[in-house]
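What follows is a short report on a single structure.
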Amino acid sequence: MIFRRALISLIFLIVPLIWMYPAQGFADELPDIVVPQEQRFNVAFIQRSIPIYLYKDVPPVANVDVSALREAIIAHARSNPYLRVIPASEIDSSFRNSDLSQTDAFMQAEIDMGYARNFMDNQNNQSAIELTRRVIENYSKSLMQFYQPKSVSQAYQLLAYALIAQYQEDVEKNYEVLHPARLAFLEMIRLTPYLMMLEGRQSPERVAIYDEALELFLSNEAYRQTDQKDASMLAHKLHADILILARIVEDKSGELYLELDEYNVQHHEMIYHRQKIDISSHEQMNTAVADTATMILSRSYSCLKVKEETPVIQSARANRVFLDAGAGYSVFIKYPTSDVIHNVGGYVFVSYLFDEHFFVRVGAEIQGVLQDVAHELYDPFEMYQFPFMVGISQDWTWARIYLATGLDLGFTSSYTIVKSTVCKTFGTDDIECSKSDVTKNRTPFSLFVDFALGAAFGRDPFYVSLEGVISVTAYLSGNSRAFKHPAGLRLGLEYWF
């Protein structure tokens, strides 16, 4: 008995505490999911108004607020952290700034539409048909059926009128034009369902063919679905990952169905959704329609394969030193001799790569300057260069390309330029050798600005490098007629520490 009373007392003590404290902890909001931009899917809702397709003589069971439905669909997408709804301003910009071919197609369609109306007014039906078909083709190239559906609808309407007028010219001969007229009305219905052919306002032929097109459109879902090729072009134009096009369709009993065309760029797939709108209460009708749409889209969004975040890979060569040694060949762009002078030698460079792109280089290069064919260069001499360069590079698995520039201190041993044959034959000290025919360079300091472009191929730590270099002579002591601007190639072997 004592134990029972103690247990009851403990319960009465604990229950209020549970209500007061833990409930507050459970009420904490869930943390927001932050998704990197590169992992989000761009979804486009391009319809300014969701179309409703109704029979002429069947009253719908309810009226749907399509503006509220569109807002609910967009708000639902915005609430998904993995989706980014493309703003209407970006869609407008994409169409206003189309590529040149699409802009030309649209402008040509606008111009030809005026001529087509004139042909129709003058009862030149065949010319009106041919020109209107070209107008529709150009509108399709510019994808204006998604941006200015009314303009494209007018072209289909004009085509249907012209075909019916041609049929009326010779009923027996031109019977085959009725089906193209029916298909033209069908496209007009798709783009502008609010435009109807009513008895008493249009000719009986137009009304009859329109009614056939409406019956065909409403009874066959294949006619209502968005063309996949057009959807692919539109997604590319808008830089969208997902396109959503919605519509409400009535059946012959007045029941309403929500249809969604969902184009998924990731899978190059057009997905068709159809769901009956269950309206149990007219007061909650708009909520029921929105719930139907978001339920369908939630299932689709949950099946999206999340884009893998592209990892930032630090180059394996970053923060490393490498040694580059090899042979070099160069020529002087400007020289005091009659013939080109060839230079051969070797180099050793030490470089440090700060990160995956930027590096510095210091080193030394020695080249022997060979005599020319005419021996105007009296004796070979040596050229010493000590460059300090900075550069950028790009790495791949087996290769690296780079570009570098910097300053280069140069020194040469003394050399002599001789123009006289006597001096070349008997020597510069011969009595017959005039001093004016001999030029001696004994102040060999020079300063260069180096530019190098090269590539290295291999596998860490060994690479073979090939580099082109030009050294612009910025300063030269002594004779201004000395050798200037060496340019050449270097072939070497790199070792990375």
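Ordering of the structure tokens sets the chain letters (A, B, ...); residue numbers start at 1 within each chain; ligands are numbered from 1 in the order shown.
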
Residues of region 23-135 of chain A that have any atom at most 9 Å from an atom of region 147-162 of chain A: could you tabulate them with the shortest-distance atom pair and the distance in Å to one decimal, using only C-alpha atoms, ordered by chain and increasing number, as a Markdown table?
```
| residue | atom | partner | partner_atom | distance |
| --- | --- | --- | --- | --- |
| A:Ile46 | CA | A:Tyr147 | CA | 7.6 |
| A:Gln47 | CA | A:Tyr147 | CA | 7.9 |
| A:Arg48 | CA | A:Tyr147 | CA | 8.7 |
| A:Ile91 | CA | A:Tyr147 | CA | 8.9 |
| A:Asp92 | CA | A:Tyr147 | CA | 8.3 |
| A:Phe95 | CA | A:Tyr147 | CA | 7.6 |
| A:Glu110 | CA | A:Ser151 | CA | 8.8 |
| A:Met113 | CA | A:Ala155 | CA | 7.2 |
| A:Ala116 | CA | A:Leu158 | CA | 8.2 |
| A:Arg117 | CA | A:Leu158 | CA | 7.6 |
| A:Met120 | CA | A:Ala162 | CA | 6.7 |
| A:Gln123 | CA | A:Ala162 | CA | 8.5 |
| A:Asn124 | CA | A:Ala162 | CA | 8.7 |
| A:Asn125 | CA | A:Ala162 | CA | 5.4 |
| A:Gln126 | CA | A:Ala162 | CA | 7.6 |
| A:Ala128 | CA | A:Ala162 | CA | 6.5 |
| A:Ile129 | CA | A:Leu159 | CA | 5.8 |
| A:Glu130 | CA | A:Leu159 | CA | 8.8 |
| A:Thr132 | CA | A:Leu159 | CA | 6.0 |
| A:Arg133 | CA | A:Leu159 | CA | 7.2 |
| A:Val135 | CA | A:Ala155 | CA | 7.1 |
```

Go through A:Gly391, A:Ala181, A:Lys334, A:Glu187 one by one, measure the shortest atom-to-atom distance of each to Ile209 (chain A) using only C-alpha atoms, and give the residue with the smallest value.
A:Ala181

Name all residues at most 9 Å from Ile277 (chain A) (count only C-alpha atoms; drop same-chain ones fewer than 4 positions away) and give them as a list in words.
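Counting only C-alpha atoms, the residues come to Glu255, Leu256, Tyr257, Leu258, Met285, Ala288, Val289 and Thr292 of chain A.
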
One-decimal distance in Å that lies between CA of Asp372 (chain A) and CA of Asp339 (chain A):
6.2 Å

Determine, counting only C-alpha atoms, which protein, DNA and RNA residues have an atom within 10 Å of an atom of Asp227 (chain A); residues of the same chain fewer than 3 positions away are not included. Present the result as a compact mmCIF listing (two decimals) with N, CA, C and O atoms, in the first residue's frame.
```txt
# COMPACT_ATOMS: atom_id res chain seq x y z
N ALA A 222 -2.99 12.79 -76.04
CA ALA A 222 -1.76 12.94 -76.82
C ALA A 222 -1.70 14.30 -77.50
O ALA A 222 -0.61 14.87 -77.67
N TYR A 223 -2.87 14.84 -77.92
CA TYR A 223 -2.89 16.15 -78.56
C TYR A 223 -2.59 17.28 -77.57
O TYR A 223 -2.19 18.37 -77.98
N ARG A 224 -2.82 17.04 -76.30
CA ARG A 224 -2.66 18.11 -75.31
C ARG A 224 -1.24 18.20 -74.76
O ARG A 224 -0.86 19.22 -74.17
N ASP A 230 10.28 20.62 -78.43
CA ASP A 230 10.12 22.03 -78.05
C ASP A 230 10.52 22.25 -76.59
O ASP A 230 11.13 23.27 -76.26
N ALA A 231 10.15 21.30 -75.72
CA ALA A 231 10.50 21.44 -74.31
C ALA A 231 12.01 21.43 -74.11
O ALA A 231 12.55 22.18 -73.29
N SER A 232 12.70 20.58 -74.85
CA SER A 232 14.16 20.52 -74.74
C SER A 232 14.79 21.84 -75.18
O SER A 232 15.70 22.36 -74.52
N ASP A 261 2.59 18.62 -67.50
CA ASP A 261 3.71 18.16 -68.32
C ASP A 261 4.98 18.57 -67.61
O ASP A 261 5.22 19.76 -67.38
N TYR A 263 9.03 18.30 -67.87
CA TYR A 263 10.20 17.90 -68.66
C TYR A 263 11.42 17.94 -67.76
O TYR A 263 11.74 18.97 -67.15
N MET A 270 10.00 13.51 -70.85
CA MET A 270 8.76 14.24 -70.63
C MET A 270 7.82 13.34 -69.84
O MET A 270 7.48 12.24 -70.27
```
